[in-house]
$ cat upload31.cif   # mmCIF, C-alpha atoms
data_run
loop_
_atom_site.label_atom_id
_atom_site.label_comp_id
_atom_site.auth_asym_id
_atom_site.auth_seq_id
_atom_site.Cartn_x
_atom_site.Cartn_y
_atom_site.Cartn_z
CA MET A 1 2.57 -23.41 3.84
CA THR A 2 1.46 -21.31 6.78
CA SER A 3 -2.16 -20.20 6.68
CA LEU A 4 -3.50 -16.94 8.02
CA GLN A 5 -6.23 -18.90 9.75
CA SER A 6 -3.61 -20.61 11.91
CA ALA A 7 -2.48 -17.32 13.43
CA PRO A 8 -2.71 -16.92 17.23
CA PRO A 9 -5.82 -15.28 18.71
CA LYS A 10 -6.12 -11.49 18.75
CA HIS A 11 -3.80 -9.51 20.98
CA ARG A 12 -1.80 -12.55 22.03
CA ARG A 13 1.87 -11.52 22.22
CA GLU A 14 4.27 -14.41 22.02
CA VAL A 15 7.14 -12.66 20.19
CA ALA A 16 9.85 -10.70 22.01
CA PRO A 17 10.25 -7.08 20.81
CA LEU A 18 12.10 -6.94 17.49
CA ARG A 19 13.54 -4.30 15.19
CA ILE A 20 11.51 -4.61 11.98
CA ALA A 21 11.91 -2.74 8.69
CA MET A 22 9.42 -2.50 5.82
CA LEU A 23 10.74 -1.64 2.36
CA GLY A 24 9.59 -1.47 -1.26
CA THR A 25 6.47 0.74 -1.16
CA ARG A 26 5.50 4.40 -1.28
CA GLY A 27 5.31 4.33 2.50
CA VAL A 28 2.86 5.81 4.98
CA PRO A 29 0.57 7.61 5.64
CA ALA A 30 -1.27 5.36 3.18
CA ASN A 31 -2.80 7.32 0.33
CA TYR A 32 -2.11 5.19 -2.71
CA GLY A 33 -2.59 1.42 -2.75
CA GLY A 34 -2.87 -1.91 -1.01
CA PHE A 35 0.74 -2.31 0.09
CA GLU A 36 0.71 1.10 1.74
CA THR A 37 -2.55 0.38 3.53
CA ALA A 38 -1.19 -2.96 4.72
CA ILE A 39 1.96 -1.36 6.09
CA GLU A 40 -0.03 1.32 7.90
CA GLU A 41 -2.42 -1.19 9.47
CA ILE A 42 0.18 -3.84 10.29
CA GLY A 43 2.96 -1.44 11.26
CA GLN A 44 0.98 0.46 13.88
CA ARG A 45 -0.18 -2.81 15.44
CA LEU A 46 3.38 -4.17 15.55
CA VAL A 47 4.36 -0.97 17.37
CA GLU A 48 1.54 -1.55 19.87
CA GLN A 49 3.02 -5.01 20.49
CA GLY A 50 6.33 -3.40 21.42
CA HIS A 51 8.27 -3.85 18.17
CA ALA A 52 10.40 -1.02 16.73
CA VAL A 53 9.19 -0.50 13.16
CA THR A 54 10.96 1.45 10.41
CA VAL A 55 9.10 2.17 7.15
CA TYR A 56 10.88 3.29 3.99
CA GLY A 57 8.80 5.60 1.78
CA ARG A 58 9.08 7.84 -1.27
CA SER A 59 9.26 11.56 -0.69
CA THR A 60 11.53 14.51 -1.49
CA GLU A 61 9.64 17.02 0.66
CA ARG A 62 11.59 18.49 3.54
CA THR A 63 8.38 18.64 5.55
CA ALA A 64 7.68 14.91 5.17
CA PRO A 65 6.99 13.35 8.58
CA THR A 66 9.69 11.24 10.22
CA GLU A 67 7.28 9.41 12.55
CA TYR A 68 3.74 8.18 12.07
CA LEU A 69 1.58 6.11 14.43
CA GLY A 70 4.73 5.09 16.28
CA MET A 71 6.56 3.99 13.13
CA ARG A 72 9.89 5.58 12.22
CA LEU A 73 9.78 6.88 8.65
CA VAL A 74 12.74 7.09 6.26
CA ASN A 75 11.80 9.14 3.19
CA LEU A 76 13.95 8.80 0.09
CA PRO A 77 13.51 9.95 -3.54
CA ALA A 78 12.74 7.83 -6.61
CA LEU A 79 13.01 8.28 -10.35
CA ARG A 80 9.67 9.23 -11.88
CA SER A 81 9.51 6.42 -14.40
CA LYS A 82 7.10 3.53 -14.86
CA THR A 83 9.93 1.02 -15.10
CA LEU A 84 12.40 2.55 -12.63
CA GLU A 85 10.40 4.24 -9.87
CA THR A 86 10.08 1.19 -7.62
CA LEU A 87 13.56 -0.17 -8.30
CA SER A 88 15.37 3.15 -7.87
CA HIS A 89 13.67 3.78 -4.56
CA THR A 90 14.29 0.30 -3.20
CA ALA A 91 17.93 0.50 -4.28
CA LEU A 92 18.34 3.68 -2.23
CA SER A 93 16.40 2.14 0.65
CA ALA A 94 18.59 -0.97 0.68
CA ALA A 95 21.74 1.16 0.60
CA HIS A 96 20.47 3.30 3.47
CA PHE A 97 19.39 0.20 5.39
CA SER A 98 22.91 -1.23 5.11
CA THR A 99 24.33 1.80 6.96
CA GLN A 100 21.87 1.70 9.86
CA ARG A 101 21.78 -0.11 13.16
CA ARG A 102 21.05 -3.78 12.60
CA HIS A 103 17.42 -4.84 12.27
CA ASP A 104 16.21 -8.32 13.14
CA VAL A 105 13.77 -8.70 10.24
CA ALA A 106 12.98 -6.90 6.99
CA PHE A 107 9.71 -7.28 5.11
CA VAL A 108 10.27 -6.44 1.42
CA PHE A 109 7.12 -5.83 -0.60
CA ASN A 110 6.94 -6.68 -4.32
CA ALA A 111 8.91 -9.49 -5.95
CA ALA A 112 10.45 -6.92 -8.31
CA ASN A 113 12.64 -5.83 -5.39
CA ALA A 114 14.20 -9.28 -4.97
CA PRO A 115 17.60 -8.24 -6.46
CA PHE A 116 18.16 -6.08 -3.36
CA VAL A 117 17.48 -8.86 -0.86
CA PRO A 118 21.16 -9.95 -0.59
CA LEU A 119 22.21 -6.39 0.29
CA ILE A 120 19.51 -6.17 2.95
CA ARG A 121 20.34 -9.59 4.34
CA ALA A 122 24.06 -8.73 4.43
CA ARG A 123 23.28 -6.27 7.23
CA GLY A 124 22.24 -9.23 9.36
CA ALA A 125 18.47 -9.07 8.93
CA ALA A 126 16.32 -12.03 7.97
CA VAL A 127 14.26 -11.09 4.91
CA ALA A 128 10.71 -12.03 3.93
CA VAL A 129 9.47 -11.00 0.47
CA HIS A 130 5.79 -10.33 -0.11
CA VAL A 131 5.58 -11.54 -3.70
CA ASP A 132 2.25 -9.82 -4.52
CA GLY A 133 0.52 -11.03 -7.70
CA LEU A 134 1.76 -12.35 -11.03
CA GLU A 135 3.13 -9.06 -12.30
CA TRP A 136 4.71 -10.62 -15.40
CA LYS A 137 1.21 -11.08 -16.77
CA ARG A 138 0.57 -7.34 -16.93
CA ASP A 139 0.58 -5.93 -20.46
CA LYS A 140 1.94 -2.59 -19.27
CA TRP A 141 5.42 -4.01 -18.70
CA GLY A 142 6.13 -5.17 -22.23
CA LYS A 143 8.39 -8.05 -23.20
CA TRP A 144 11.48 -7.07 -21.18
CA GLY A 145 9.49 -5.96 -18.14
CA ARG A 146 7.72 -9.31 -17.99
CA ARG A 147 11.03 -11.13 -18.31
CA TYR A 148 12.45 -9.05 -15.48
CA TYR A 149 9.56 -9.97 -13.20
CA ARG A 150 9.95 -13.66 -13.94
CA MET A 151 13.67 -13.41 -13.18
CA ALA A 152 12.89 -11.49 -9.97
CA GLU A 153 10.55 -14.28 -8.84
CA GLN A 154 13.42 -16.75 -9.18
CA LEU A 155 15.70 -14.48 -7.16
CA ALA A 156 13.07 -14.12 -4.43
CA VAL A 157 12.79 -17.91 -4.19
CA ARG A 158 16.57 -18.31 -3.90
CA GLU A 159 17.49 -15.32 -1.74
CA ALA A 160 14.59 -14.64 0.65
CA ASP A 161 14.26 -16.37 4.00
CA ALA A 162 10.49 -16.54 3.53
CA LEU A 163 7.91 -15.74 0.86
CA ILE A 164 4.53 -14.20 1.70
CA ALA A 165 1.53 -14.85 -0.56
CA ASP A 166 -1.75 -13.01 0.02
CA ALA A 167 -3.97 -15.52 -1.82
CA GLN A 168 -4.19 -19.27 -2.20
CA GLY A 169 -3.78 -18.98 -5.96
CA ILE A 170 -0.43 -17.22 -5.52
CA ALA A 171 0.70 -19.80 -2.95
CA ASP A 172 -0.28 -22.55 -5.41
CA TYR A 173 1.77 -20.87 -8.13
CA TYR A 174 4.99 -20.84 -6.05
CA ASP A 175 4.38 -24.39 -4.91
CA ASP A 176 3.75 -25.68 -8.45
CA GLU A 177 6.41 -23.61 -10.16
CA PHE A 178 9.27 -23.63 -7.65
CA HIS A 179 8.32 -26.26 -5.05
CA VAL A 180 8.89 -23.76 -2.26
CA PRO A 181 6.65 -23.14 0.79
CA THR A 182 5.00 -19.78 1.32
CA GLU A 183 3.37 -17.97 4.21
CA LEU A 184 -0.29 -17.51 3.28
CA ILE A 185 -1.17 -14.17 4.89
CA SER A 186 -4.00 -12.20 3.35
CA TYR A 187 -4.95 -8.55 3.85
CA GLY A 188 -7.42 -7.15 6.32
CA THR A 189 -10.09 -4.52 5.96
CA ARG A 190 -12.08 -2.16 8.14
CA ILE A 191 -15.77 -2.75 8.78
CA LEU A 192 -17.71 0.40 7.91
CA ARG A 193 -21.10 1.03 9.47
CA ASN A 194 -23.26 4.14 9.62
CA GLU A 195 -20.90 6.16 7.44
CA ALA A 196 -21.71 9.82 6.94
CA THR A 197 -23.03 10.92 3.55
CA ASP A 198 -21.80 14.50 3.22
CA ALA A 199 -18.86 13.72 0.90
CA VAL A 200 -21.07 11.61 -1.37
CA GLU A 201 -23.77 14.27 -1.49
CA ALA A 202 -21.16 16.96 -2.19
CA LEU A 203 -20.40 15.07 -5.40
CA GLY A 204 -24.05 15.27 -6.39
CA LEU A 205 -24.65 11.57 -5.69
CA ILE A 206 -27.58 9.96 -3.90
CA PRO A 207 -26.49 7.43 -1.24
CA GLY A 208 -27.38 3.90 -2.34
CA ALA A 209 -28.11 4.99 -5.89
CA TYR A 210 -24.92 4.57 -7.91
CA HIS A 211 -22.47 1.90 -9.06
CA LEU A 212 -18.78 2.27 -8.18
CA VAL A 213 -15.40 1.38 -9.70
CA VAL A 214 -12.11 2.12 -7.92
CA ALA A 215 -8.99 1.07 -9.83
CA ARG A 216 -5.82 2.20 -11.51
CA PHE A 217 -6.43 2.44 -15.25
CA GLU A 218 -4.50 -0.61 -16.44
CA PRO A 219 -5.60 -3.31 -18.91
CA GLU A 220 -5.54 -6.04 -16.27
CA ASN A 221 -8.02 -4.08 -14.15
CA HIS A 222 -10.56 -4.07 -17.01
CA VAL A 223 -11.95 -0.60 -16.33
CA ASP A 224 -12.53 -0.36 -20.09
CA VAL A 225 -14.64 -3.53 -20.06
CA ILE A 226 -16.68 -2.24 -17.11
CA VAL A 227 -17.29 1.14 -18.71
CA GLU A 228 -18.20 -0.42 -22.05
CA GLY A 229 -20.52 -2.96 -20.42
CA TYR A 230 -22.25 -0.29 -18.39
CA HIS A 231 -22.57 1.88 -21.53
CA ARG A 232 -24.40 -1.00 -23.26
CA SER A 233 -26.75 -1.55 -20.31
CA ASN A 234 -30.12 -0.04 -19.60
CA ALA A 235 -29.01 1.02 -16.12
CA THR A 236 -30.50 4.26 -14.84
CA LEU A 237 -28.23 4.82 -11.84
CA PRO A 238 -24.87 6.52 -12.55
CA LEU A 239 -21.54 4.73 -12.77
CA VAL A 240 -18.88 6.47 -10.65
CA VAL A 241 -15.30 5.72 -11.71
CA VAL A 242 -12.45 6.55 -9.32
CA GLY A 243 -8.91 6.15 -10.62
CA SER A 244 -6.22 7.27 -12.99
CA ALA A 245 -3.08 6.00 -14.71
CA PRO A 246 0.08 8.12 -14.50
CA TYR A 247 1.84 6.11 -17.22
CA SER A 248 -1.04 4.99 -19.47
CA ALA A 249 -2.53 7.95 -21.33
CA ARG A 250 -3.77 5.88 -24.27
CA TYR A 251 -5.72 3.49 -22.06
CA THR A 252 -7.14 6.40 -20.04
CA ASP A 253 -8.21 8.15 -23.25
CA SER A 254 -10.08 5.04 -24.40
CA ILE A 255 -12.09 5.02 -21.18
CA GLY A 256 -12.72 8.74 -21.43
CA ALA A 257 -14.01 8.39 -24.98
CA VAL A 258 -16.79 6.05 -23.83
CA ALA A 259 -17.63 8.28 -20.88
CA GLN A 260 -17.98 11.30 -23.16
CA ARG A 261 -20.72 9.47 -25.07
CA ASP A 262 -22.65 8.54 -21.93
CA ASP A 263 -23.72 11.16 -19.41
CA ARG A 264 -24.50 8.39 -16.89
CA ILE A 265 -20.75 7.78 -16.45
CA ARG A 266 -18.83 10.04 -14.07
CA LEU A 267 -15.02 9.97 -14.06
CA LEU A 268 -13.77 11.40 -10.76
CA GLY A 269 -10.05 10.79 -11.31
CA GLY A 270 -7.94 9.99 -8.27
CA VAL A 271 -9.61 10.46 -4.87
CA TRP A 272 -7.05 10.54 -2.06
CA ASP A 273 -9.33 11.68 0.76
CA GLN A 274 -9.81 8.41 2.64
CA ARG A 275 -12.95 9.66 4.40
CA ALA A 276 -14.55 10.44 1.04
CA LEU A 277 -13.48 7.06 -0.31
CA ASP A 278 -15.02 5.30 2.67
CA GLN A 279 -18.30 7.04 1.98
CA LEU A 280 -18.17 6.19 -1.72
CA TYR A 281 -17.67 2.49 -0.93
CA ALA A 282 -20.26 2.40 1.85
CA HIS A 283 -23.08 4.08 -0.06
CA ALA A 284 -22.67 2.43 -3.48
CA LEU A 285 -25.40 0.03 -4.58
CA SER A 286 -22.72 -2.15 -6.17
CA TYR A 287 -18.95 -2.30 -6.50
CA LEU A 288 -17.69 -3.40 -9.94
CA HIS A 289 -14.26 -5.02 -9.61
CA GLY A 290 -12.21 -5.77 -12.72
CA HIS A 291 -8.83 -6.71 -11.21
CA SER A 292 -7.52 -9.99 -12.62
CA VAL A 293 -3.80 -10.41 -11.95
CA GLY A 294 -3.07 -9.68 -8.30
CA GLY A 295 -3.90 -11.95 -5.41
CA THR A 296 -6.23 -10.69 -2.68
CA ASN A 297 -7.12 -7.17 -3.74
CA PRO A 298 -7.54 -4.48 -1.05
CA SER A 299 -10.15 -2.58 -3.06
CA LEU A 300 -12.33 -5.67 -3.16
CA LEU A 301 -11.91 -6.14 0.58
CA ARG A 302 -12.71 -2.49 1.19
CA ALA A 303 -16.00 -2.82 -0.68
CA MET A 304 -16.87 -5.97 1.28
CA GLY A 305 -15.97 -4.27 4.56
CA ALA A 306 -18.30 -1.44 3.57
CA GLY A 307 -21.17 -3.89 3.06
CA THR A 308 -21.46 -3.36 -0.69
CA ALA A 309 -22.43 -6.12 -3.14
CA VAL A 310 -19.59 -7.06 -5.49
CA VAL A 311 -19.57 -7.87 -9.19
CA GLY A 312 -16.05 -9.15 -9.87
CA TRP A 313 -13.94 -10.23 -12.81
CA ASP A 314 -14.19 -13.99 -13.03
CA VAL A 315 -10.81 -15.25 -11.79
CA VAL A 316 -9.80 -17.57 -8.99
CA PHE A 317 -8.42 -14.75 -6.81
CA ASN A 318 -11.71 -12.81 -6.73
CA ARG A 319 -13.81 -15.93 -6.18
CA GLU A 320 -11.53 -16.90 -3.29
CA VAL A 321 -12.21 -13.58 -1.57
CA ALA A 322 -15.85 -12.80 -2.40
CA GLY A 323 -17.06 -16.40 -2.38
CA THR A 324 -20.39 -17.63 -3.68
CA ALA A 325 -22.22 -14.43 -2.76
CA GLY A 326 -20.36 -12.48 -5.42
CA SER A 327 -21.49 -12.03 -9.01
CA TYR A 328 -18.87 -12.44 -11.75
CA PHE A 329 -18.31 -11.28 -15.32
CA SER A 330 -15.75 -11.62 -18.09
CA THR A 331 -17.39 -9.69 -20.96
CA PRO A 332 -19.15 -6.33 -21.36
CA ALA A 333 -22.42 -8.16 -21.99
CA GLU A 334 -22.18 -10.04 -18.69
CA LEU A 335 -21.41 -6.83 -16.83
CA ALA A 336 -24.41 -5.13 -18.45
CA ARG A 337 -26.73 -7.93 -17.32
CA SER A 338 -25.36 -7.74 -13.78
CA VAL A 339 -25.95 -4.01 -13.28
CA GLU A 340 -29.44 -4.31 -14.74
CA GLU A 341 -30.25 -7.17 -12.33
CA ILE A 342 -28.91 -5.19 -9.37
CA GLU A 343 -31.12 -2.23 -10.22
CA GLN A 344 -34.12 -4.53 -10.69
CA TYR A 345 -33.62 -6.21 -7.28
CA PRO A 346 -31.81 -3.63 -5.10
CA PHE A 347 -33.00 -5.03 -1.75
CA ARG A 348 -31.65 -8.49 -2.58
CA PHE A 349 -28.23 -7.04 -3.37
CA ARG A 350 -28.22 -4.93 -0.22
CA ASP A 351 -28.70 -8.19 1.69
CA ILE A 352 -25.83 -9.69 -0.30
CA GLY A 353 -23.69 -6.71 0.71
CA GLU A 354 -24.41 -7.40 4.38
CA HIS A 355 -23.43 -11.04 3.86
CA MET A 356 -20.15 -9.93 2.28
CA GLN A 357 -19.46 -7.59 5.18
CA GLU A 358 -19.84 -10.48 7.61
CA ARG A 359 -17.47 -12.56 5.46
CA ALA A 360 -14.93 -9.73 5.58
CA ARG A 361 -15.28 -9.44 9.36
CA LYS A 362 -14.64 -13.15 9.87
CA HIS A 363 -11.82 -13.73 7.41
CA TYR A 364 -10.03 -10.41 6.79
CA ASP A 365 -9.19 -8.93 10.18
CA TRP A 366 -6.11 -6.69 10.50
CA ASP A 367 -5.46 -7.90 14.07
CA ILE A 368 -5.17 -11.50 12.87
CA VAL A 369 -3.07 -10.43 9.88
CA THR A 370 -0.70 -8.60 12.23
CA GLU A 371 -0.37 -11.64 14.48
CA ALA A 372 0.67 -13.66 11.44
CA TYR A 373 3.36 -11.11 10.54
CA SER A 374 4.54 -10.93 14.15
CA SER A 375 4.72 -14.71 14.40
CA LEU A 376 6.67 -14.94 11.14
CA ALA A 377 9.05 -12.21 12.30
CA GLY A 378 9.71 -14.17 15.50
CA ARG A 379 10.45 -17.36 13.59
CA LEU A 380 12.74 -15.55 11.17
CA ALA A 381 14.62 -13.87 14.02
CA ARG A 382 15.15 -17.30 15.60
CA GLY A 383 16.71 -18.63 12.39
CA TYR A 384 13.86 -19.98 10.26
CA SER A 385 14.61 -19.78 6.53
CA THR A 386 13.46 -21.39 3.29
CA ARG A 387 16.71 -20.55 1.50
CA GLY A 388 18.13 -23.68 -0.03
CA MET A 389 14.78 -25.44 -0.26
CA SER A 390 14.49 -24.56 -3.96
CA THR A 391 17.00 -23.90 -6.72
CA GLY A 392 14.77 -21.17 -8.10
CA ARG A 393 14.46 -23.03 -11.37
CA ARG A 394 11.02 -23.21 -12.87
CA SER A 395 9.17 -26.49 -13.23
CA ASP A 396 7.54 -27.65 -16.43
CA SER A 397 4.09 -26.82 -15.07
CA ALA A 398 1.47 -24.96 -17.08
CA TRP A 399 2.47 -21.76 -15.26
CA SER A 400 5.78 -21.76 -17.18
CA VAL A 401 4.14 -21.28 -20.55
CA GLU A 402 3.80 -17.72 -21.88
CA PRO A 403 1.45 -16.05 -22.55
CA LEU A 404 -0.87 -17.38 -19.88
CA PRO A 405 -4.61 -16.67 -19.54
CA VAL A 406 -5.44 -14.87 -16.31
CA GLU A 407 -7.95 -17.55 -15.30
CA VAL A 408 -5.30 -20.22 -14.67
CA GLY A 409 -5.14 -21.36 -11.05
CA ARG A 410 -6.77 -23.61 -8.52
CA GLY A 411 -9.78 -22.64 -6.49
#
$ encode --input "upload31.cif" --output "structure tokens"
Amino acid sequence: MTSLQSAPPKHRREVAPLRIAMLGTRGVPANYGGFETAIEEIGQRLVEQGHAVTVYGRSTERTAPTEYLGMRLVNLPALRSKTLETLSHTALSAAHFSTQRRHDVAFVFNAANAPFVPLIRARGAAVAVHVDGLEWKRDKWGKWGRRYYRMAEQLAVREADALIADAQGIADYYDDEFHVPTELISYGTRILRNEATDAVEALGLIPGAYHLVVARFEPENHVDVIVEGYHRSNATLPLVVVGSAPYSARYTDSIGAVAQRDDRIRLLGGVWDQRALDQLYAHALSYLHGHSVGGTNPSLLRAMGAGTAVVGWDVVFNREVAGTAGSYFSTPAELARSVEEIEQYPFRFRDIGEHMQERARKHYDWDIVTEAYSSLAGRLARGYSTRGMSTGRRSDSAWSVEPLPVEVGRG
């Protein structure tokens, strides 16, 4: 296993210029999620190092940009379907990739895209798959969706030249389940200081006097638990909820029903203005984080980089990132107690937020993350590969048993 902490120092350039492609996401400019933010931050830095970077993204607009921050953009359509959007787009991307000038390395994001790795590799590129979290544990996929993800994990193990895990718990899973090494490369985050307040005030909010949630409305993100816990609390500061769910109307309606009964809860929907989001993170008294399935979550890192105290869902992934300074919950009652304590002792939790910001600065730096990707790309281009190290068959470990509680993992 290769650790992020073993990456070369900042700005050190040991890798000759390479042609690198990034596939499997919505692309850049980043205005959706963690993968897109990672590609934007890593891709522009790889370009600064002299690499030629191509990013595949989803767009049907004729005015979509073809270059961004030095990265070449290839925009292709996708089927608007919960189950087929990612796969249809990556299929088109892989087909397009196979007709282009040879790339040295391709980074494929999301283990679901593993079936397309052989087509990408057939063009002569070494392929690393960022496996993300344990997607087969998400309720939204249903029985067949979860089975597909478990099959895709096996394909990634067999077909990829390297696997990238963004958290120790995910690396442990692939080691225990498949006995295959992974590259442990986390995400980075920006450190926010002295952020303006105009966007926050335009929403009718007082800086430092609200609690914040930013998440897609999915069961594994526990927005419903957070909203219900806050509703039961005696908190006086408002709860601001940013997020939506394009394919989960029933779950969204359940959250909305609680909010309608509590005028302290404000549902903002999706907020795509990154400047406004930065301000919301930076001026919240607390960030309430319910994600439970993924590895290192970019929203959690963004809150830490903004210097905001975190109350996170109690799983190994969140404890790994936020550490002992974080507060944790797993029931509405625990969440209610946490927000009440934060309002009772606001200065203590502002100090905790500063501690978390320093932790983010030390451990989640985009320059170091980029060096790890650049180093891996160099090794792959020189012939490094984990193919053949594992059959892709699952072990008889506890991970193999379904259904599995989200808390399973090693700290």
$ residues_around --input "upload31.cif" --residues "A:Gly312" --least-positions-apart "4" --cutoff "8 Å" --atoms "all atoms listed in the file" --output "ChimeraX atom specification"
/A:288-291,318,326-329
$ atom_distance --input "upload31.cif" --atom1 "atom CA of A:Asp224" --atom2 "atom CA of A:Asp263"
16.1 Å
$ closest_residue --input "upload31.cif" --among "A:Gly43, A:Tyr173, A:Ala284, A:Phe116" --to "A:Phe97" --atoms "all atoms listed in the file"
A:Phe116
$ resolve_selection --input "upload31.cif" --expression "the PyMOL selection byres ((chain A and resi 377-380) around 10)" --output "list in words"
Glu14, Val15, Ala16, Pro17, Leu18, Arg19, Ile20, Asp104, Val105, Ala106, Phe107, Ala125, Ala126, Val127, Ala128, Asp161, Ala162, Glu371, Ala372, Tyr373, Ser374, Ser375, Leu376, Ala381, Arg382, Gly383, Tyr384, Ser385 and Thr386 of chain A
$ residues_around --input "upload31.cif" --residues "A:Ala95" --least-positions-apart "4" --cutoff "10 Å" --atoms "all atoms listed in the file" --output "mmCIF file with C-alpha atoms, in the frame of the given file"
data_model
loop_
_atom_site.group_PDB
_atom_site.id
_atom_site.type_symbol
_atom_site.label_atom_id
_atom_site.label_comp_id
_atom_site.auth_asym_id
_atom_site.auth_seq_id
_atom_site.Cartn_x
_atom_site.Cartn_y
_atom_site.Cartn_z
ATOM 1 C CA HIS A 89 13.670 3.780 -4.560
ATOM 2 C CA THR A 90 14.290 0.300 -3.200
ATOM 3 C CA ALA A 91 17.930 0.500 -4.280
ATOM 4 C CA THR A 99 24.330 1.800 6.960
ATOM 5 C CA GLN A 100 21.870 1.700 9.860
ATOM 6 C CA PHE A 116 18.160 -6.080 -3.360
ATOM 7 C CA LEU A 119 22.210 -6.390 0.290
ATOM 8 C CA ILE A 120 19.510 -6.170 2.950
#
$ resolve_selection --input "upload31.cif" --expression "the PyMOL selection byres ((chain A and resi 22-27) around 9)" --output "NGL selection string"
:A and (20-21 or 28-33 or 35-37 or 39-40 or 43 or 53-59 or 73-75 or 86-87 or 89-90 or 93-94 or 105-110 or 112-113)
$ atom_distance --input "upload31.cif" --atom1 "atom CA of A:Glu354" --atom2 "atom CA of A:Gly295"
23.2 Å
$ closest_residue --input "upload31.cif" --among "A:Val157, A:Ala165, A:Val225, A:Leu79" --to "A:His130" --atoms "only C-alpha atoms"
A:Ala165
$ resolve_selection --input "upload31.cif" --expression "the PyMOL selection byres ((chain A and resi 359) around 10)" --output "list in words"
Leu301, Met304, Gly305, Gly307, Val321, Ala322, Gly323, Ala325, Gly353, Glu354, His355, Met356, Gln357, Glu358, Ala360, Arg361, Lys362, His363 and Tyr364 of chain A
$ residues_around --input "upload31.cif" --residues "stretch 333-348 of chain A" --least-positions-apart "2" --cutoff "10 Å" --atoms "only C-alpha atoms" --output "count of residues only"
35
